[in-house]
Amino acid sequence: MTSGWSLFVIVVTIVNILACVWLLRWTAKPKHAGEKIGGGSDTGHTWDGDLREYNNPLPKWWLWLFYITVVFGLIYLAMFPGLGNFGGLKGWSQAQQYEQERAAVEARAAALLAPFASMTVPELATNAQAMATANNLFQNNCAQCHGSDGGGARGFPNLSDGDWQWGGDPDSIVQTIAGGRMAAMTPWGEILGEQGVEGVFGVIYPPQVAIVGLGKITDRARVDNGAVVARKGLTATLAADHRVSDGHRGALFLAALGRLLQEPEKLAQKP
Ligand code: HEC
C-alpha cells in the first residue's frame, strides 16, 4: 500500500470509530422528558390494535457493551496490523505465524520420519508404524487416482495386484514414485520389426508437441547419375502440434534429421 492509501485507511478507520462513539452518546441522551427506560414515551406507532412502539434509550448494560467493543477495537488496532501500513505494537504478522506453524509441523514430520530413513523398502514394508504413516500419506496423496485401497480405476493402475508396468522391485517402485512415469511412447519394435512397416505416423500425447515416426530401413530404388540404383532408405514422418510450431520449422527439422542420420558422426561435433 502506498503511504497515501495507508493514511486514507487510517483516517477512515479512526473517523468511523469516533463517529460510532458520537452516535452512541447522542442516542443515549434522553431528548424529551419521559424518554427513559420505562418512561412511557412512545413513537405513536401502534400495531395489532394495542401494540405500541416505545422510544426508550438502550439499556445501560447494552450501551456499555458497545463502548467495550470500541475499546477492544482500539486496543486491537494498536497491537495488530489493521491501520493502513502500521504493523501493530506486537510485531505480529500472518506470514510470520504461518512460517512458525510450518516449521513446527516440519519438525514433527522430520522426527516421525527419521527412524525410517535408514530402513530399506522391504524393512519398511514389514514395519507396522511405517505402514501406518504410509497409509496416511497414500490416502492424502495417491488415493484420489489409485483408489483408497490402491485398487486403481479406469486409466489408473491397480497397485495392489502383482502386475507391474514399470517393475515391482523396490528400486523400480521408488523410481516410479519419486521420478514419475509417463507412458506416452507406444512400443513400435514389434510392429516395425515383424511386420516391416515402412512408414509410421505418430500420435502426439499432450504435453508433447511433436513426435517423429521412423519406418523400417529397406532397399529403395534411387536415381543416381541417370541410372536406377538400389539404396538403403527409411521414411521419417513428423507429427507436430500447430499451436506450437509450423510446417516450415517441421520441414527444416526433418531435413536436419535426414542429414544427421546419413552422417551420424556430425552428432558428436560441436555445431
Ligand atoms: C494424478 C493421478 C495420480 C496420483 C495422484 C498418483 N498416481 Fe500413481 N500413477 C498414475 C498413473 C496415470 C499411472 C500410470 C503411469 C504410466 O503408466 O505411465 C501411475 C502409476 C503408478 C505406479 C506404477 C504402477 C506399475 O504398474 O508400475 C506406482 C507404483 C504409483 N503410480 C504409485 C503412486 C503413489 C505411491 C502415489 C502417491 C504418492 C501416486 N501413485 C499418485 C496416476 C497417479
# chains A, B, ... in the order shown; residues from 1 in each chain; ligands from 1
call {"tool": "residues_around", "arguments": {"residues": "stretch 112-120 of chain A", "least_positions_apart": "3", "cutoff": "9 Å", "atoms": "only C-alpha atoms", "output": "list in words"}}
result
Ala107, Arg108, Ala109, Glu123, Leu124, Ala125, Ala130, Thr133 and Pro170 of chain A
call {"tool": "residues_near_ligand", "arguments": {"ligand": "ligand 1", "cutoff": "9 Å", "atoms": "only C-alpha atoms and all ligand atoms", "output": "ChimeraX atom specification"}}
result
/A:134,137-146,150,152,155-159,161-168,172-178,180-184
call {"tool": "write_last_selection", "arguments": {"atoms": "C-alpha atoms", "output": "PDB file, in the first residue's frame"}}
result
ATOM      1  CA  ALA A 134       2.500 -44.698   4.611  1.00  0.00           C
ATOM      2  CA  LEU A 137       0.405 -40.435   3.003  1.00  0.00           C
ATOM      3  CA  PHE A 138      -1.252 -42.697   0.445  1.00  0.00           C
ATOM      4  CA  GLN A 139      -4.762 -41.582   1.391  1.00  0.00           C
ATOM      5  CA  ASN A 140      -3.716 -37.915   1.163  1.00  0.00           C
ATOM      6  CA  ASN A 141      -1.616 -38.022  -1.980  1.00  0.00           C
ATOM      7  CA  CYS A 142      -2.404 -41.084  -4.030  1.00  0.00           C
ATOM      8  CA  ALA A 143      -5.909 -42.377  -3.267  1.00  0.00           C
ATOM      9  CA  GLN A 144      -7.683 -39.862  -5.495  1.00  0.00           C
ATOM     10  CA  CYS A 145      -6.203 -41.624  -8.538  1.00  0.00           C
ATOM     11  CA  HIS A 146      -5.335 -45.140  -7.361  1.00  0.00           C
ATOM     12  CA  GLY A 150      -4.890 -48.988  -4.139  1.00  0.00           C
ATOM     13  CA  GLY A 152      -6.931 -48.463  -9.222  1.00  0.00           C
ATOM     14  CA  GLY A 155      -6.859 -45.117 -16.514  1.00  0.00           C
ATOM     15  CA  PHE A 156      -5.089 -45.517 -13.153  1.00  0.00           C
ATOM     16  CA  PRO A 157      -3.203 -48.742 -12.446  1.00  0.00           C
ATOM     17  CA  ASN A 158      -4.090 -51.194  -9.699  1.00  0.00           C
ATOM     18  CA  LEU A 159      -1.224 -51.085  -7.204  1.00  0.00           C
ATOM     19  CA  ASP A 161      -2.026 -56.755  -7.580  1.00  0.00           C
ATOM     20  CA  GLY A 162       1.225 -58.371  -8.626  1.00  0.00           C
ATOM     21  CA  ASP A 163       1.123 -56.841 -12.081  1.00  0.00           C
ATOM     22  CA  TRP A 164       3.680 -54.052 -12.537  1.00  0.00           C
ATOM     23  CA  GLN A 165       4.004 -51.954 -15.639  1.00  0.00           C
ATOM     24  CA  TRP A 166       7.212 -50.274 -14.518  1.00  0.00           C
ATOM     25  CA  GLY A 167       8.664 -53.026 -12.367  1.00  0.00           C
ATOM     26  CA  GLY A 168       7.681 -54.224  -8.906  1.00  0.00           C
ATOM     27  CA  SER A 172      11.744 -49.506  -9.623  1.00  0.00           C
ATOM     28  CA  ILE A 173       8.871 -48.549  -7.320  1.00  0.00           C
ATOM     29  CA  VAL A 174      10.966 -45.838  -5.637  1.00  0.00           C
ATOM     30  CA  GLN A 175      11.936 -44.564  -9.084  1.00  0.00           C
ATOM     31  CA  THR A 176       8.271 -44.601 -10.181  1.00  0.00           C
ATOM     32  CA  ILE A 177       7.091 -42.644  -7.150  1.00  0.00           C
ATOM     33  CA  ALA A 178       9.992 -40.195  -6.913  1.00  0.00           C
ATOM     34  CA  GLY A 180       7.120 -40.247 -12.048  1.00  0.00           C
ATOM     35  CA  ARG A 181       6.250 -42.236 -15.125  1.00  0.00           C
ATOM     36  CA  MET A 182       4.559 -41.081 -18.260  1.00  0.00           C
ATOM     37  CA  ALA A 183       3.657 -43.742 -20.767  1.00  0.00           C
ATOM     38  CA  ALA A 184       3.401 -41.814 -23.988  1.00  0.00           C
TER      39      ALA A 184
END
call {"tool": "select_by_dssp", "arguments": {"residues": "stretch 205-250 of chain A", "states": "alpha helix (DSSP H)", "output": "PDB file with N, CA and C atoms, in the first residue's frame"}}
result
ATOM      1  N   GLY A 247       4.672 -25.736 -40.216  1.00  0.00           N
ATOM      2  CA  GLY A 247       5.193 -26.694 -41.186  1.00  0.00           C
ATOM      3  C   GLY A 247       6.623 -26.386 -41.628  1.00  0.00           C
ATOM      4  N   HIS A 248       6.931 -25.113 -41.742  1.00  0.00           N
ATOM      5  CA  HIS A 248       8.259 -24.734 -42.224  1.00  0.00           C
ATOM      6  C   HIS A 248       9.344 -25.201 -41.254  1.00  0.00           C
ATOM      7  N   ARG A 249       9.099 -24.920 -39.984  1.00  0.00           N
ATOM      8  CA  ARG A 249      10.068 -25.342 -38.966  1.00  0.00           C
ATOM      9  C   ARG A 249      10.163 -26.876 -38.930  1.00  0.00           C
ATOM     10  N   GLY A 250       8.991 -27.543 -39.119  1.00  0.00           N
ATOM     11  CA  GLY A 250       8.962 -29.008 -39.139  1.00  0.00           C
ATOM     12  C   GLY A 250       9.798 -29.549 -40.296  1.00  0.00           C
TER      13      GLY A 250
END
call {"tool": "closest_residue", "arguments": {"among": "A:Leu234, A:Leu77, A:Leu260, A:Val71", "to": "A:Arg220", "atoms": "only C-alpha atoms"}}
result
A:Leu234
call {"tool": "residues_around", "arguments": {"residues": "A:Val203", "least_positions_apart": "5", "cutoff": "9 Å", "atoms": "only C-alpha atoms", "output": "list in words"}}
result
Ala210, Ile211, Ala239 and Ala240 of chain A
call {"tool": "write_last_selection", "arguments": {"atoms": "N, CA and C atoms", "output": "compact mmCIF listing (two decimals), in the first residue's frame"}}
result
# COMPACT_ATOMS: atom_id res chain seq x y z
N ALA A 210 5.37 -32.72 -30.44
CA ALA A 210 5.76 -33.26 -31.73
C ALA A 210 6.30 -34.67 -31.52
N ILE A 211 6.17 -35.51 -32.55
CA ILE A 211 6.74 -36.85 -32.46
C ILE A 211 7.20 -37.26 -33.86
N ALA A 239 4.82 -35.62 -36.79
CA ALA A 239 3.50 -35.10 -36.38
C ALA A 239 3.78 -33.98 -35.40
N ALA A 240 3.26 -32.78 -35.69
CA ALA A 240 3.56 -31.64 -34.81
C ALA A 240 2.28 -30.90 -34.46
call {"tool": "atom_distance", "arguments": {"atom1": "atom CA of A:Ala128", "atom2": "atom CA of A:Ala153"}}
result
26.8 Å
call {"tool": "residues_around", "arguments": {"residues": "A:Val200", "least_positions_apart": "4", "cutoff": "8 Å", "atoms": "only C-alpha atoms", "output": "count of residues only"}}
result
6
call {"tool": "atom_distance", "arguments": {"atom1": "atom CA of A:Gly82", "atom2": "atom CA of A:Trp61"}}
result
28.1 Å
call {"tool": "atom_distance", "arguments": {"atom1": "atom CA of A:Asn56", "atom2": "atom CA of A:Trp22"}}
result
18.1 Å
call {"tool": "select_by_dssp", "arguments": {"residues": "stretch 26-194 of chain A", "states": "strand (DSSP E or B)", "output": "PyMOL selection string"}}
result
chain A and resi 42-47+51-54+153+156
call {"tool": "write_last_selection", "arguments": {"atoms": "C-alpha atoms", "output": "CSV table (one decimal), in the first residue's frame"}}
result
chain,number,residue,atom,x,y,z
A,42,ASP,CA,-43.8,6.1,22.5
A,43,THR,CA,-43.4,6.8,18.8
A,44,GLY,CA,-47.1,6.8,18.2
A,45,HIS,CA,-46.9,3.7,16.1
A,46,THR,CA,-49.4,1.0,17.0
A,47,TRP,CA,-49.7,-2.5,15.6
A,51,LEU,CA,-49.0,-3.0,20.4
A,52,ARG,CA,-47.2,0.4,20.9
A,53,GLU,CA,-43.6,1.1,19.8
A,54,TYR,CA,-41.7,2.7,22.7
A,153,ALA,CA,-9.6,-47.1,-11.5
A,156,PHE,CA,-5.1,-45.5,-13.2
call {"tool": "closest_residue", "arguments": {"among": "A:Thr218, A:Leu74, A:Val209, A:Phe66", "to": "A:Val197", "atoms": "only C-alpha atoms"}}
result
A:Thr218
